[in-house]
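*Asks:* Contents of coords-v7.txt (compact mmCIF, C-alpha atoms):
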# COMPACT_ATOMS: atom_id res chain seq x y z
CA MET A 1 130.03 178.44 58.37
CA PRO A 2 132.33 180.41 56.13
CA GLU A 3 132.98 183.97 57.30
CA SER A 4 133.20 186.78 54.68
CA SER A 5 134.84 190.11 54.84
CA VAL A 6 132.71 192.63 52.97
CA GLN A 7 135.29 195.39 52.76
CA GLU A 8 133.88 196.97 55.90
CA SER A 9 135.15 200.43 56.66
CA ILE A 10 137.74 200.57 59.43
CA PRO A 11 136.02 201.50 62.71
CA THR A 12 137.00 204.78 64.32
CA TRP A 13 138.13 203.05 67.51
CA LEU A 14 140.74 200.99 65.66
CA ASN A 15 143.42 203.67 65.92
CA ALA A 16 146.80 204.37 67.48
CA LYS A 17 145.29 204.92 70.93
CA PHE A 18 143.63 201.49 70.83
CA PHE A 19 146.94 199.76 70.14
CA GLU A 20 148.88 201.96 72.54
CA ASP A 21 146.53 201.18 75.43
CA MET A 22 146.56 197.49 74.53
CA LEU A 23 150.33 197.21 74.17
CA LYS A 24 151.10 199.19 77.32
CA LYS A 25 149.24 196.52 79.24
CA HIS A 26 150.47 193.56 77.21
CA GLU A 27 154.11 194.65 77.31
CA ASN A 28 153.88 196.04 80.86
CA ASP A 29 155.41 199.31 79.63
CA ILE A 30 153.56 202.50 80.60
CA ASN A 31 155.94 204.58 78.47
CA LEU A 32 155.27 202.68 75.25
CA LYS A 33 154.24 204.86 72.30
CA VAL A 34 152.59 203.86 69.03
CA ILE A 35 154.17 205.81 66.18
CA SER A 36 151.92 204.67 63.33
CA VAL A 37 149.17 202.20 62.43
CA LYS A 38 148.28 200.93 58.96
CA THR A 39 145.27 198.63 58.63
CA SER A 40 144.07 196.43 55.77
CA ASP A 41 141.44 193.74 55.22
CA VAL A 42 142.63 190.24 56.02
CA THR A 43 140.40 188.34 53.61
CA GLY A 44 138.27 188.87 50.56
CA LYS A 45 134.74 187.87 49.74
CA GLY A 46 133.91 184.19 50.00
CA GLU A 47 136.44 183.60 52.73
CA HIS A 48 134.68 184.78 55.91
CA TYR A 49 131.07 185.62 56.83
CA ALA A 50 130.45 185.89 60.59
CA SER A 51 132.98 188.61 61.52
CA VAL A 52 135.24 191.23 60.05
CA MET A 53 139.01 191.10 60.37
CA TRP A 54 141.84 193.51 59.76
CA ARG A 55 145.60 193.23 59.76
CA ALA A 56 147.33 196.08 61.55
CA ALA A 57 150.97 197.01 60.92
CA VAL A 58 152.03 198.92 64.02
CA GLU A 59 155.24 200.86 64.66
CA VAL A 60 156.08 201.02 68.35
CA LYS A 61 158.60 202.89 70.48
CA SER A 62 159.23 200.95 73.65
CA SER A 63 161.32 201.83 76.68
CA LYS A 64 162.70 198.29 76.41
CA SER A 65 164.41 198.95 73.07
CA PRO A 66 166.24 201.91 71.49
CA ASN A 67 164.83 201.01 68.07
CA ILE A 68 161.36 201.50 66.63
CA LEU A 69 159.71 198.07 66.59
CA LYS A 70 157.51 196.91 63.74
CA CYS A 71 154.67 194.63 64.84
CA SER A 72 151.72 193.03 63.08
CA TYR A 73 148.41 191.95 64.59
CA VAL A 74 145.09 190.57 63.37
CA VAL A 75 142.01 192.25 64.83
CA LYS A 76 138.68 190.44 64.77
CA SER A 77 135.44 192.24 65.48
CA VAL A 78 131.70 192.31 64.86
CA TYR A 79 130.01 194.04 61.96
CA GLU A 80 129.30 197.69 62.68
CA ASP A 81 125.96 197.20 60.90
CA PRO A 82 123.66 196.09 63.78
CA ALA A 83 121.37 194.19 61.39
CA LYS A 84 124.18 191.79 60.54
CA SER A 85 126.01 191.68 63.87
CA GLY A 86 122.70 191.28 65.68
CA MET A 87 121.85 188.06 63.88
CA PHE A 88 125.13 186.45 64.88
CA ALA A 89 124.90 187.91 68.38
CA MET A 90 121.69 185.92 68.91
CA TYR A 91 123.87 182.81 68.88
CA GLY A 92 126.28 184.33 71.41
CA ILE A 93 129.20 183.58 69.13
CA TYR A 94 131.30 186.67 69.81
CA LYS A 95 131.50 186.40 73.59
CA ARG A 96 131.78 182.62 73.26
CA GLU A 97 134.87 182.96 71.09
CA ILE A 98 136.45 185.41 73.54
CA GLU A 99 135.85 182.89 76.33
CA MET A 100 137.38 180.16 74.18
CA TYR A 101 140.63 182.11 73.87
CA GLU A 102 140.64 183.67 77.32
CA LYS A 103 139.74 180.60 79.39
CA VAL A 104 139.10 177.36 77.53
CA SER A 105 142.27 177.28 75.43
CA VAL A 106 144.31 177.95 78.58
CA GLU A 107 142.66 175.01 80.36
CA ILE A 108 143.20 172.76 77.36
CA GLY A 109 146.88 173.73 77.35
CA LYS A 110 147.23 172.88 81.04
CA ILE A 111 145.66 169.46 80.60
CA LEU A 112 147.89 168.56 77.66
CA LYS A 113 150.96 169.91 79.45
CA SER A 114 150.19 167.58 82.38
CA ILE A 115 151.20 164.65 80.14
CA GLY A 116 154.18 166.50 78.66
CA ASP A 117 152.37 167.62 75.51
CA THR A 118 153.09 171.28 74.64
CA THR A 119 151.23 171.24 71.33
CA GLN A 120 149.70 174.57 70.31
CA LEU A 121 146.17 174.14 68.98
CA PHE A 122 145.04 177.76 68.56
CA PRO A 123 146.65 181.14 67.85
CA LYS A 124 147.54 183.31 70.80
CA ALA A 125 145.03 186.05 71.61
CA ILE A 126 146.90 188.97 73.14
CA HIS A 127 143.86 191.16 73.85
CA HIS A 128 140.14 190.70 74.30
CA ASP A 129 137.28 193.07 74.99
CA TYR A 130 133.89 191.61 75.95
CA GLU A 131 132.18 195.00 75.69
CA LYS A 132 133.34 195.81 72.15
CA GLU A 133 133.46 192.06 71.31
CA VAL A 134 136.97 192.37 69.92
CA LEU A 135 139.90 189.96 69.80
CA VAL A 136 143.48 190.80 68.83
CA PHE A 137 145.76 187.94 67.77
CA GLU A 138 149.35 187.34 66.91
CA ASP A 139 149.73 187.58 63.15
CA LEU A 140 150.17 183.94 62.18
CA ALA A 141 151.41 184.92 58.73
CA LEU A 142 154.67 186.03 60.33
CA ARG A 143 155.24 182.42 61.44
CA GLY A 144 154.42 181.09 57.97
CA PHE A 145 150.86 179.95 58.66
CA ARG A 146 148.43 180.17 55.78
CA ASN A 147 145.23 178.61 54.50
CA ILE A 148 145.06 175.98 51.83
CA ASP A 149 142.85 177.02 48.91
CA ARG A 150 139.29 176.19 50.03
CA ARG A 151 138.42 175.17 46.45
CA GLU A 152 141.24 172.62 46.32
CA ARG A 153 140.56 171.14 49.78
CA LEU A 154 142.82 168.86 51.85
CA ASP A 155 144.67 165.66 51.04
CA ILE A 156 144.95 162.56 53.22
CA VAL A 157 148.15 163.66 54.99
CA GLN A 158 146.68 167.05 55.87
CA ALA A 159 143.39 165.44 56.94
CA LYS A 160 145.19 163.09 59.33
CA MET A 161 147.11 166.03 60.79
CA VAL A 162 143.77 167.73 61.45
CA MET A 163 142.43 164.58 63.12
CA GLU A 164 145.47 164.35 65.41
CA LYS A 165 145.06 167.88 66.73
CA LEU A 166 141.29 167.58 66.83
CA ALA A 167 141.67 164.47 69.01
CA LYS A 168 143.80 166.54 71.41
CA MET A 169 141.18 169.27 71.64
CA HIS A 170 138.39 166.75 72.15
CA ALA A 171 140.26 164.61 74.68
CA ALA A 172 141.34 167.60 76.75
CA THR A 173 137.83 169.04 76.89
CA ALA A 174 136.34 165.66 77.84
CA ILE A 175 138.81 165.50 80.75
CA LEU A 176 138.11 169.12 81.70
CA GLU A 177 134.38 168.42 81.95
CA GLU A 178 135.12 165.22 83.87
CA ARG A 179 137.20 167.14 86.43
CA LYS A 180 134.94 170.21 86.51
CA PRO A 181 131.37 168.99 85.87
CA GLY A 182 129.25 171.64 84.21
CA PHE A 183 132.23 173.61 82.88
CA PHE A 184 130.75 173.53 79.37
CA SER A 185 127.06 173.61 80.28
CA HIS A 186 126.59 177.02 78.63
CA PHE A 187 128.27 175.89 75.38
CA ASN A 188 124.89 174.64 74.23
CA MET A 189 124.06 176.42 70.99
CA GLY A 190 125.32 175.06 67.69
CA ILE A 191 124.76 176.48 64.22
CA PHE A 192 121.41 174.65 64.35
CA ASN A 193 119.38 174.63 67.56
CA ARG A 194 115.81 174.94 68.81
CA LYS A 195 116.26 178.29 70.61
CA VAL A 196 117.58 180.58 67.89
CA THR A 197 116.62 180.09 64.26
CA ALA A 198 117.80 183.38 62.78
CA PHE A 199 119.55 181.60 59.91
CA LEU A 200 116.92 178.95 59.23
CA ASP A 201 115.45 180.88 56.28
CA PHE A 202 118.98 181.25 54.90
CA PHE A 203 119.48 177.48 54.91
CA LEU A 204 115.97 176.75 53.64
CA SER A 205 116.52 179.05 50.66
CA HIS A 206 119.72 177.18 49.83
CA LEU A 207 117.94 173.86 50.12
CA ASP A 208 115.13 175.10 47.85
CA ILE A 209 117.66 175.98 45.16
CA CYS A 210 119.44 172.67 45.71
CA ILE A 211 116.18 170.74 45.18
CA GLU A 212 115.39 172.81 42.11
CA GLU A 213 118.81 172.16 40.54
CA VAL A 214 119.21 168.50 41.54
CA SER A 215 115.80 167.70 40.05
CA LYS A 216 117.17 168.73 36.63
CA TRP A 217 120.05 166.22 36.73
CA ASP A 218 119.65 162.92 34.88
CA ASN A 219 118.65 160.12 37.29
CA TYR A 220 118.51 162.44 40.32
CA LYS A 221 114.88 163.60 40.21
CA GLN A 222 114.13 160.56 42.42
CA TYR A 223 115.65 162.43 45.37
CA GLN A 224 113.20 165.33 45.15
CA PRO A 225 110.50 163.81 47.46
CA LYS A 226 113.07 162.91 50.11
CA LEU A 227 114.70 166.34 49.95
CA LEU A 228 111.31 168.04 50.26
CA LYS A 229 110.56 165.94 53.34
CA ILE A 230 113.92 166.92 54.83
CA ARG A 231 113.07 170.57 54.14
CA ASN A 232 109.96 170.30 56.28
CA GLU A 233 111.93 168.73 59.14
CA LEU A 234 115.20 170.56 58.66
CA ASN A 235 115.62 172.47 61.92
CA GLU A 236 114.56 169.60 64.16
CA ARG A 237 116.76 167.03 62.40
CA ALA A 238 119.67 169.48 62.34
CA SER A 239 119.16 170.35 66.02
CA GLN A 240 119.26 166.64 66.87
CA VAL A 241 122.74 166.54 65.33
CA TYR A 242 123.91 169.10 67.90
CA ASP A 243 122.19 167.46 70.85
CA PRO A 244 124.74 165.83 73.18
CA SER A 245 124.86 162.06 72.75
CA LYS A 246 122.91 160.14 75.38
CA ASP A 247 124.80 156.89 74.86
CA PHE A 248 128.39 157.88 74.08
CA MET A 249 131.01 160.41 75.07
CA ASN A 250 130.66 164.13 74.42
CA VAL A 251 133.35 166.77 73.95
CA LEU A 252 133.65 170.45 73.14
CA ILE A 253 133.70 170.50 69.36
CA HIS A 254 135.30 173.21 67.23
CA GLY A 255 131.91 173.62 65.58
CA ASP A 256 133.02 175.20 62.30
CA LEU A 257 135.91 173.03 61.20
CA TRP A 258 136.55 173.64 57.52
CA THR A 259 139.47 174.54 55.28
CA ASN A 260 139.50 178.28 55.96
CA ASN A 261 139.46 177.75 59.73
CA ILE A 262 142.65 175.68 59.65
CA MET A 263 146.01 177.35 59.04
CA PHE A 264 149.07 175.30 58.05
CA THR A 265 152.80 175.77 57.88
CA PHE A 266 154.89 174.02 55.25
CA ASP A 267 158.44 172.69 54.96
CA ASP A 268 160.92 173.30 52.13
CA LYS A 269 159.25 170.55 50.10
CA LYS A 270 155.89 172.30 50.47
CA GLN A 271 154.58 169.55 52.74
CA ALA A 272 152.35 170.60 55.62
CA ASN A 273 154.15 170.21 58.96
CA ASP A 274 151.96 172.02 61.50
CA LEU A 275 148.50 173.56 61.84
CA LEU A 276 146.38 175.71 64.12
CA PHE A 277 142.61 175.94 64.46
CA VAL A 278 141.03 179.40 64.22
CA ASP A 279 137.49 180.83 64.49
CA LEU A 280 136.13 179.20 67.64
CA GLN A 281 132.78 180.96 67.50
CA PHE A 282 130.52 177.92 67.27
CA SER A 283 132.23 175.62 69.79
CA THR A 284 129.53 173.43 71.30
CA TRP A 285 129.27 170.55 73.79
CA THR A 286 128.17 167.50 71.79
CA SER A 287 129.40 164.33 70.08
CA PRO A 288 132.90 164.43 68.53
CA ALA A 289 131.30 162.89 65.45
CA VAL A 290 129.84 166.30 64.58
CA ASP A 291 133.28 167.83 63.99
CA ILE A 292 134.50 164.79 62.07
CA LEU A 293 131.50 164.76 59.75
CA TYR A 294 131.42 168.53 59.26
CA PHE A 295 135.11 168.57 58.35
CA SER A 296 135.01 165.44 56.18
CA HIS A 297 132.12 166.63 54.03
CA ASN A 298 133.27 170.15 53.26
CA SER A 299 137.08 170.11 53.38
CA LEU A 300 138.40 166.89 51.82
CA LYS A 301 139.45 166.40 48.23
CA GLU A 302 136.67 164.48 46.54
CA ASP A 303 138.61 161.24 46.05
CA ILE A 304 139.72 161.29 49.69
CA ARG A 305 136.17 161.80 50.91
CA GLN A 306 134.94 158.91 48.76
CA THR A 307 137.68 156.38 49.57
CA LYS A 308 139.46 157.31 52.82
CA LEU A 309 136.75 158.33 55.28
CA ALA A 310 136.92 155.13 57.35
CA GLU A 311 140.70 155.45 57.49
CA ILE A 312 140.45 159.05 58.70
CA ILE A 313 137.95 158.08 61.41
CA GLN A 314 140.21 155.23 62.53
CA HIS A 315 143.18 157.61 62.69
CA TYR A 316 141.19 160.03 64.85
CA HIS A 317 140.01 157.23 67.13
CA MET A 318 143.53 155.89 67.63
CA HIS A 319 144.79 159.29 68.79
CA LEU A 320 141.71 160.04 70.89
CA SER A 321 141.82 156.74 72.77
CA THR A 322 145.59 156.98 73.33
CA LEU A 323 145.24 160.48 74.79
CA LEU A 324 142.30 159.58 77.02
CA LYS A 325 144.28 156.68 78.45
CA LYS A 326 147.28 158.93 79.13
CA LEU A 327 144.98 161.44 80.81
CA ASN A 328 143.56 158.68 83.04
CA THR A 329 139.93 159.22 82.13
CA LYS A 330 137.46 157.60 84.50
CA LYS A 331 134.88 157.26 81.76
CA LYS A 332 134.55 154.57 79.13
CA ILE A 333 136.65 155.16 76.03
CA PRO A 334 134.62 154.33 72.91
CA THR A 335 135.85 151.42 70.82
CA LEU A 336 136.37 151.94 67.10
CA ARG A 337 133.08 150.12 66.47
CA GLU A 338 131.33 152.44 68.89
CA MET A 339 132.96 155.41 67.16
CA GLN A 340 131.44 154.26 63.89
CA ILE A 341 128.03 153.99 65.61
CA MET A 342 128.57 157.55 66.89
CA ILE A 343 129.21 158.63 63.31
CA LEU A 344 125.99 156.99 62.15
CA GLU A 345 124.06 158.61 65.01
CA LYS A 346 125.09 162.08 63.81
CA GLU A 347 125.43 161.40 60.09
CA PHE A 348 122.74 163.90 59.12
CA MET A 349 125.64 166.33 59.57
CA ALA A 350 127.06 164.87 56.34
CA PHE A 351 123.94 166.17 54.60
CA LEU A 352 124.14 169.59 56.27
CA ALA A 353 127.84 170.01 55.55
CA GLY A 354 128.12 168.29 52.19
CA VAL A 355 124.86 169.27 50.50
CA MET A 356 124.03 172.64 52.05
CA MET A 357 127.30 174.23 53.23
CA GLN A 358 129.96 172.81 50.92
CA PRO A 359 128.63 174.60 47.81
CA ILE A 360 129.22 177.95 49.54
CA MET A 361 132.72 176.88 50.52
CA LEU A 362 133.53 175.83 46.95
CA VAL A 363 132.27 179.06 45.35
CA GLU A 364 134.37 180.04 42.35
CA ASP A 365 133.00 183.50 41.57
CA SER A 366 133.04 185.27 44.92
CA THR A 367 131.89 188.65 43.57
CA ASN A 368 128.62 188.42 45.51
CA ALA A 369 129.84 186.15 48.31
CA ASP A 370 128.88 188.32 51.25
CA MET A 371 126.23 188.38 53.97
CA ASP A 372 124.04 190.86 52.08
CA THR A 373 123.72 188.45 49.16
CA MET A 374 123.40 185.38 51.36
CA LEU A 375 120.47 186.78 53.34
CA SER A 376 118.71 188.50 50.45
CA ASP A 377 115.87 187.11 48.34
CA SER A 378 116.74 189.34 45.40
CA ASP A 379 117.13 188.00 41.86
CA ALA A 380 120.90 188.46 42.16
CA SER A 381 120.94 186.42 45.35
CA LEU A 382 118.87 183.61 43.82
CA GLN A 383 121.14 183.49 40.79
CA PHE A 384 124.20 183.38 43.04
CA LYS A 385 122.74 180.39 44.88
CA ARG A 386 121.85 178.64 41.62
CA ASN A 387 125.42 179.09 40.46
CA LEU A 388 126.62 177.40 43.64
CA TYR A 389 124.83 174.22 42.58
CA ARG A 390 125.91 174.60 38.96
CA ASN A 391 129.57 174.61 39.99
CA PRO A 392 131.12 171.42 38.51
CA LYS A 393 132.92 170.65 41.80
CA THR A 394 129.65 170.91 43.70
CA GLN A 395 127.87 168.68 41.20
CA ILE A 396 130.58 166.02 41.41
CA ALA A 397 130.35 166.10 45.19
CA LEU A 398 126.55 165.90 45.35
CA LYS A 399 126.24 163.25 42.64
CA TYR A 400 128.33 161.02 44.89
CA LEU A 401 126.97 162.18 48.22
CA LEU A 402 123.21 161.94 47.61
CA PRO A 403 123.24 158.22 46.65
CA TYR A 404 125.75 157.54 49.45
CA LEU A 405 123.55 159.17 52.09
CA ASP A 406 120.44 157.53 50.65
CA GLN A 407 122.02 154.09 50.88
CA ARG A 408 122.88 154.78 54.53
CA GLY A 409 119.31 155.78 55.30
CA ILE A 410 120.16 159.41 56.05
CA LEU A 411 117.69 160.82 53.54
CA ASP A 412 114.76 158.91 55.08
When written as structure tokens, how does the structure in this file appear?

*Replies:*
Amino acid sequence: MPESSVQESIPTWLNAKFFEDMLKKHENDINLKVISVKTSDVTGKGEHYASVMWRAAVEVKSSKSPNILKCSYVVKSVYEDPAKSGMFAMYGIYKREIEMYEKVSVEIGKILKSIGDTTQLFPKAIHHDYEKEVLVFEDLALRGFRNIDRRERLDIVQAKMVMEKLAKMHAATAILEERKPGFFSHFNMGIFNRKVTAFLDFFLSHLDICIEEVSKWDNYKQYQPKLLKIRNELNERASQVYDPSKDFMNVLIHGDLWTNNIMFTFDDKKQANDLLFVDLQFSTWTSPAVDILYFSHNSLKEDIRQTKLAEIIQHYHMHLSTLLKKLNTKKKIPTLREMQIMILEKEFMAFLAGVMMQPIMLVEDSTNADMDTMLSDSDASLQFKRNLYRNPKTQIALKYLLPYLDQRGILD
């Protein structure tokens, strides 16, 4: 899901003492002093919804240097409003993300390093606090990392880069579970599940508007009965997507893999040359197909989605199988044909991502793109949702996707 900063006020605890205590420990310097702290919002509306983030410019006097050092960090925390933070907390996403950075990413790094692969997949978290549910990261902007415009989406080169690193994450977690059975047993709650349905009404309201708008399009009213049937079965069908596969391999998926959760660096010719995954709040143990479908149906340029999907899946499979062989997996590596069957098994995710989530990610007017609007049933909220489905980019996407999914039996 997108995450949206709502210009939250800076919490009182985010002050010089917070950074001084953190940096004394991180730098192993009890004499370190923080001279000043200036904080600012990291993102605007329409960019992030599940957490709030700030960038902190910190001036530090360290016993290790005669000069005042200028540092920059990104601080990620929960909403101070308990009504909003409480809904996300039901899914356990905040503590799960801390565990991802504190433990899981370290284990992934060790496994990759065992075959001589020192690839960095995630930013470095330099501080975590389970009680406050706070993470502090290196400021990736200082290393040239940035997001690609979510409205423009990714091209084929960028998509293949994502698949290569995603294969590394998936392969490493499959091996980790193989070596330590049950390691991911508590990573069992995706965006949709049967235990917590706090956001079901949110998704149902979007689907209602979708049905209302699609029914007005020439030659698309025929989909109304099928969409209404899906509405009645939505949570169960969506939960089945997140169920671990009974017949094929499972991995720890990113769980929220879209344009704004991938940061790239670029060379002098403005070509992407590296990337990192961020926002690991919804990581879940399930089929790797869930990540592939989620990403493919909300983050690819439309022509790439329509013509290159099989190529992207093949590229992912090639890297996944190569890595699993190098890591000496004892389990069966899926063939490319089996990977395509895995995709079909979980392809309702293409509906969830492409029809229900992508319109939010493509929003043009982000004036009301915040959690208050998303969760409200006010007239302003309903109009905002209608505008999502009146966006020309959304209409182009859905006018291709609905017939495509229907032909593949996903709407039945």

*Asks:* Which protein, DNA or RNA residues are at most 10 Å from (117.6, 177.6, 65.8) in the file's coordinates when you count only C-alpha atoms, listed as a ChimeraX atom specification?

*Replies:* /A:90-91,189-200,235-236,238-239

*Asks:* One number please: atom CA of A:Ile313 to atom CA of A:Pro334, in Å, one decimal.

*Replies:*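 Calculated distance between atom CA of A:Ile313 and atom CA of A:Pro334 is 12.5 Å.
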
*Asks:* What does the distance between atom CA of A:Cys210 and atom CA of A:Leu398 come to in Å, to one decimal place?

*Replies:* 9.8 Å

*Asks:* As an exercise, work out the distance from atom CA of A:Glu152 to atom CA of A:Lys269 in Å and give it to one decimal place.

*Replies:* 18.5 Å

*Asks:* Determine, counting only C-alpha atoms, which protein, DNA and RNA residues have an atom within 10 Å of an atom of A:Phe187; residues of the same chain fewer than 3 positions away are not included. Present the result as a PyMOL selection string.

*Replies:* chain A and resi 92-93+96+182-184+190+252-253+282-286

*Asks:* Complete stretch 25-41 of chain A at the level of N, CA and C atoms, written as a PDB file, keeping the file's coordinate frame.

*Replies:*
ATOM      1  N   LYS A  25     149.629 197.570  78.303  1.00  0.00           N
ATOM      2  CA  LYS A  25     149.240 196.520  79.240  1.00  0.00           C
ATOM      3  C   LYS A  25     149.915 195.200  78.901  1.00  0.00           C
ATOM      4  N   HIS A  26     149.902 194.853  77.624  1.00  0.00           N
ATOM      5  CA  HIS A  26     150.470 193.560  77.210  1.00  0.00           C
ATOM      6  C   HIS A  26     151.966 193.508  77.441  1.00  0.00           C
ATOM      7  N   GLU A  27     152.656 194.612  77.169  1.00  0.00           N
ATOM      8  CA  GLU A  27     154.110 194.650  77.310  1.00  0.00           C
ATOM      9  C   GLU A  27     154.551 195.140  78.686  1.00  0.00           C
ATOM     10  N   ASN A  28     153.582 195.512  79.520  1.00  0.00           N
ATOM     11  CA  ASN A  28     153.880 196.040  80.860  1.00  0.00           C
ATOM     12  C   ASN A  28     154.869 197.204  80.760  1.00  0.00           C
ATOM     13  N   ASP A  29     154.530 198.164  79.906  1.00  0.00           N
ATOM     14  CA  ASP A  29     155.410 199.310  79.630  1.00  0.00           C
ATOM     15  C   ASP A  29     154.537 200.565  79.520  1.00  0.00           C
ATOM     16  N   ILE A  30     154.444 201.334  80.594  1.00  0.00           N
ATOM     17  CA  ILE A  30     153.560 202.500  80.600  1.00  0.00           C
ATOM     18  C   ILE A  30     154.080 203.627  79.708  1.00  0.00           C
ATOM     19  N   ASN A  31     155.355 203.538  79.322  1.00  0.00           N
ATOM     20  CA  ASN A  31     155.940 204.580  78.470  1.00  0.00           C
ATOM     21  C   ASN A  31     155.898 204.243  76.986  1.00  0.00           C
ATOM     22  N   LEU A  32     155.326 203.113  76.650  1.00  0.00           N
ATOM     23  CA  LEU A  32     155.270 202.680  75.250  1.00  0.00           C
ATOM     24  C   LEU A  32     154.463 203.682  74.418  1.00  0.00           C
ATOM     25  N   LYS A  33     154.923 203.955  73.213  1.00  0.00           N
ATOM     26  CA  LYS A  33     154.240 204.860  72.300  1.00  0.00           C
ATOM     27  C   LYS A  33     154.041 204.174  70.945  1.00  0.00           C
ATOM     28  N   VAL A  34     152.861 204.346  70.373  1.00  0.00           N
ATOM     29  CA  VAL A  34     152.590 203.860  69.030  1.00  0.00           C
ATOM     30  C   VAL A  34     152.848 204.998  68.052  1.00  0.00           C
ATOM     31  N   ILE A  35     153.776 204.775  67.136  1.00  0.00           N
ATOM     32  CA  ILE A  35     154.170 205.810  66.180  1.00  0.00           C
ATOM     33  C   ILE A  35     153.214 205.876  65.000  1.00  0.00           C
ATOM     34  N   SER A  36     152.823 204.697  64.497  1.00  0.00           N
ATOM     35  CA  SER A  36     151.920 204.670  63.330  1.00  0.00           C
ATOM     36  C   SER A  36     151.155 203.349  63.293  1.00  0.00           C
ATOM     37  N   VAL A  37     150.001 203.392  62.632  1.00  0.00           N
ATOM     38  CA  VAL A  37     149.170 202.200  62.430  1.00  0.00           C
ATOM     39  C   VAL A  37     148.659 202.201  60.996  1.00  0.00           C
ATOM     40  N   LYS A  38     148.848 201.090  60.303  1.00  0.00           N
ATOM     41  CA  LYS A  38     148.280 200.930  58.960  1.00  0.00           C
ATOM     42  C   LYS A  38     147.444 199.660  58.967  1.00  0.00           C
ATOM     43  N   THR A  39     146.175 199.777  58.597  1.00  0.00           N
ATOM     44  CA  THR A  39     145.270 198.630  58.630  1.00  0.00           C
ATOM     45  C   THR A  39     144.841 198.238  57.222  1.00  0.00           C
ATOM     46  N   SER A  40     144.551 196.941  57.055  1.00  0.00           N
ATOM     47  CA  SER A  40     144.070 196.430  55.770  1.00  0.00           C
ATOM     48  C   SER A  40     143.181 195.222  56.035  1.00  0.00           C
ATOM     49  N   ASP A  41     142.294 194.916  55.081  1.00  0.00           N
ATOM     50  CA  ASP A  41     141.440 193.740  55.220  1.00  0.00           C
ATOM     51  C   ASP A  41     142.291 192.484  55.192  1.00  0.00           C
TER      52      ASP A  41
END
